[in-house]
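Chemist: Input structure-v1.pdb, format and content: PDB, C-alpha atoms.
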MODEL        1
ATOM      1  CA  MET K   1     145.708  66.611 139.260
ATOM      2  CA  SER K   2     144.448  67.879 135.913
ATOM      3  CA  ILE K   3     143.382  65.506 133.148
ATOM      4  CA  ILE K   4     146.448  66.328 131.030
ATOM      5  CA  GLN K   5     148.705  65.500 133.973
ATOM      6  CA  GLU K   6     146.897  62.190 134.417
ATOM      7  CA  ILE K   7     147.353  61.449 130.707
ATOM      8  CA  TYR K   8     151.045  62.348 130.997
ATOM      9  CA  SER K   9     151.512  60.010 133.985
ATOM     10  CA  TRP K  10     149.614  57.212 132.247
ATOM     11  CA  SER K  11     151.580  57.669 129.029
ATOM     12  CA  GLN K  12     154.922  57.031 130.735
ATOM     13  CA  ASN K  13     154.225  53.277 130.645
ATOM     14  CA  LEU K  14     153.191  53.138 126.978
ATOM     15  CA  PRO K  15     155.406  51.999 124.094
ATOM     16  CA  ALA K  16     157.620  54.755 122.666
ATOM     17  CA  TRP K  17     155.612  55.129 119.442
ATOM     18  CA  GLN K  18     152.419  55.699 121.428
ATOM     19  CA  GLN K  19     154.179  58.290 123.597
ATOM     20  CA  ASP K  20     155.262  59.996 120.381
ATOM     21  CA  ALA K  21     151.625  60.029 119.198
ATOM     22  CA  ILE K  22     150.511  61.639 122.455
ATOM     23  CA  ALA K  23     153.248  64.281 122.190
ATOM     24  CA  ARG K  24     152.182  65.081 118.612
ATOM     25  CA  LEU K  25     148.508  65.326 119.563
ATOM     26  CA  TYR K  26     149.316  67.515 122.554
ATOM     27  CA  ALA K  27     151.354  69.862 120.327
ATOM     28  CA  SER K  28     148.941  70.266 117.423
ATOM     29  CA  ARG K  29     145.635  68.491 118.271
ATOM     30  CA  THR K  30     145.562  66.752 114.869
ATOM     31  CA  LEU K  31     147.795  64.355 112.992
ATOM     32  CA  THR K  32     148.956  65.100 109.467
ATOM     33  CA  GLN K  33     149.632  62.333 106.977
ATOM     34  CA  ALA K  34     153.360  62.816 107.655
ATOM     35  CA  ASP K  35     152.687  62.322 111.386
ATOM     36  CA  LYS K  36     150.768  59.134 110.662
ATOM     37  CA  ASP K  37     153.557  57.840 108.416
ATOM     38  CA  HIS K  38     156.100  58.618 111.148
ATOM     39  CA  LEU K  39     154.038  56.818 113.791
ATOM     40  CA  PHE K  40     153.464  53.830 111.512
ATOM     41  CA  ALA K  41     157.214  53.550 110.948
ATOM     42  CA  LEU K  42     157.849  53.768 114.708
ATOM     43  CA  ALA K  43     155.245  51.088 115.422
ATOM     44  CA  LYS K  44     156.789  48.785 112.814
ATOM     45  CA  ALA K  45     160.283  49.406 114.231
ATOM     46  CA  ALA K  46     159.010  48.497 117.698
ATOM     47  CA  HIS K  47     158.092  45.088 116.260
ATOM     48  CA  GLY K  48     161.389  44.501 114.459
ATOM     49  CA  ILE K  49     160.608  45.921 111.008
ATOM     50  CA  ASP K  50     163.456  48.212 109.987
ATOM     51  CA  ASP K  51     162.805  51.858 109.176
ATOM     52  CA  PRO K  52     165.072  53.045 106.333
ATOM     53  CA  GLU K  53     164.830  56.621 107.672
ATOM     54  CA  ASN K  54     165.748  55.498 111.216
ATOM     55  CA  ARG K  55     163.071  57.717 112.786
ATOM     56  CA  GLN K  56     163.211  58.111 116.552
ATOM     57  CA  PRO K  57     160.265  58.667 118.896
ATOM     58  CA  SER K  58     159.904  61.785 120.997
ATOM     59  CA  LYS K  59     158.045  61.793 124.276
ATOM     60  CA  LEU K  60     155.823  64.383 125.881
ATOM     61  CA  ALA K  61     158.150  66.182 128.293
ATOM     62  CA  ALA K  62     157.014  67.018 131.799
ATOM     63  CA  GLY K  63     157.816  70.682 131.103
ATOM     64  CA  GLN K  64     155.276  70.756 128.264
ATOM     65  CA  VAL K  65     152.400  69.798 130.554
ATOM     66  CA  ALA K  66     150.740  72.734 132.271
ATOM     67  CA  ALA K  67     151.076  72.880 136.025
ATOM     68  CA  PRO K  68     147.906  72.378 138.062
ATOM     69  CA  PRO K  69     146.174  75.503 139.321
ATOM     70  CA  VAL K  70     146.831  76.449 142.930
ATOM     71  CA  PRO K  71     143.438  77.365 144.439
ATOM     72  CA  ASP K  72     144.909  79.244 147.427
ATOM     73  CA  ARG K  73     147.184  81.445 145.331
ATOM     74  CA  LEU K  74     146.275  85.129 145.219
ATOM     75  CA  VAL K  75     146.808  86.956 141.940
ATOM     76  CA  GLN K  76     146.678  90.746 142.024
ATOM     77  CA  ILE K  77     147.119  93.428 139.365
ATOM     78  CA  GLY K  78     149.675  95.910 140.633
ATOM     79  CA  ALA K  79     149.166  98.601 138.006
ATOM     80  CA  ILE K  80     147.540  99.389 134.695
ATOM     81  CA  LYS K  81     149.255 102.195 132.820
ATOM     82  CA  GLN K  82     148.874 104.165 129.600
ATOM     83  CA  LEU K  83     145.500 102.823 128.550
ATOM     84  CA  SER K  84     143.715 104.195 125.554
ATOM     85  CA  ASN K  85     140.289 103.197 124.169
ATOM     86  CA  VAL K  86     139.829 100.290 126.595
ATOM     87  CA  ASN K  87     136.100  99.833 127.166
ATOM     88  CA  ALA K  88     134.895 102.024 130.044
ATOM     89  CA  VAL K  89     138.330 102.559 131.627
ATOM     90  CA  GLY K  90     139.352 106.201 131.692
ATOM     91  CA  ALA K  91     142.545 107.196 129.848
ATOM     92  CA  ASP K  92     144.021 108.727 132.988
TER      93      ASP K  92
ENDMDL
END
Give the structure from this file in structure tokens form.
Modeler:
Amino acid sequence: MSIIQEIYSWSQNLPAWQQDAIARLYASRTLTQADKDHLFALAKAAHGIDDPENRQPSKLAAGQVAAPPVPDRLVQIGAIKQLSNVNAVGAD
């Protein structure tokens, strides 16, 4: 299991606002001020403080997480066609 898959599995038991934070970090690697404001509002809502904008958390979806590599899988190139100016590969 890759580290991102372990983080995904671990995150499933976190509060919704923390899952939202993980999804945002996975998507863009940094948080903007708007992201931080959104997360702060979600955290407050989780503790009973109303959010006038009624923001909703989004979770990291299983489909967003890359599948683990399969070490026994064979990958082959079937053809390379119409090359031009590619290092030392001939044009024909």
Chemist: From the options K:Met1, K:Leu60, K:Ala46, K:Ser9, which residue's atoms come nearest to K:Leu25, counting only C-alpha atoms?
Modeler: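 When distances to K:Leu25 are compared using only C-alpha atoms, the smallest one comes from K:Leu60.
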Chemist: Nearest to K:Asp20 among K:Asp72, K:Asp35, K:Glu6, K:Asp51, with distances taken over all atoms listed in the file: which residue is it?
Modeler: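 Selected residue with least distance to K:Asp20: K:Asp35.
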Chemist: Env of K:His38: 12 Å cut, atoms = all atoms listed in the file, seq-sep filter 6 positions within chain, self excluded. Answer as a list in words.
Modeler: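 In the requested form, the answer reads Trp17, Gln18, Asp20, Ala21, Arg24, Leu31, Thr32, Lys44, Ala45, Asp51, Pro52, Glu53, Asn54, Arg55, Gln56, Pro57 and Ser58 of chain K.
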Chemist: Atom CA of K:Val70 and atom CA of K:Arg29 are how many Å apart?
Modeler: 25.9 Å
Chemist: One decimal, in Å: what's the spacing between atom CA of K:Ile4 and atom CA of K:Tyr26?
Modeler: 9.0 Å
Chemist: To one decimal place, how far is atom CA of K:Ala23 from atom CA of K:Lys59 in Å?
Modeler: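 For atom CA of K:Ala23 relative to atom CA of K:Lys59, the distance reads 5.8 Å.
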Chemist: Measuring between only C-alpha atoms, which one of K:Ala88, K:Leu83, K:Ala43, K:Arg73 shows the shortest distance to K:Leu14?
Modeler: K:Ala43
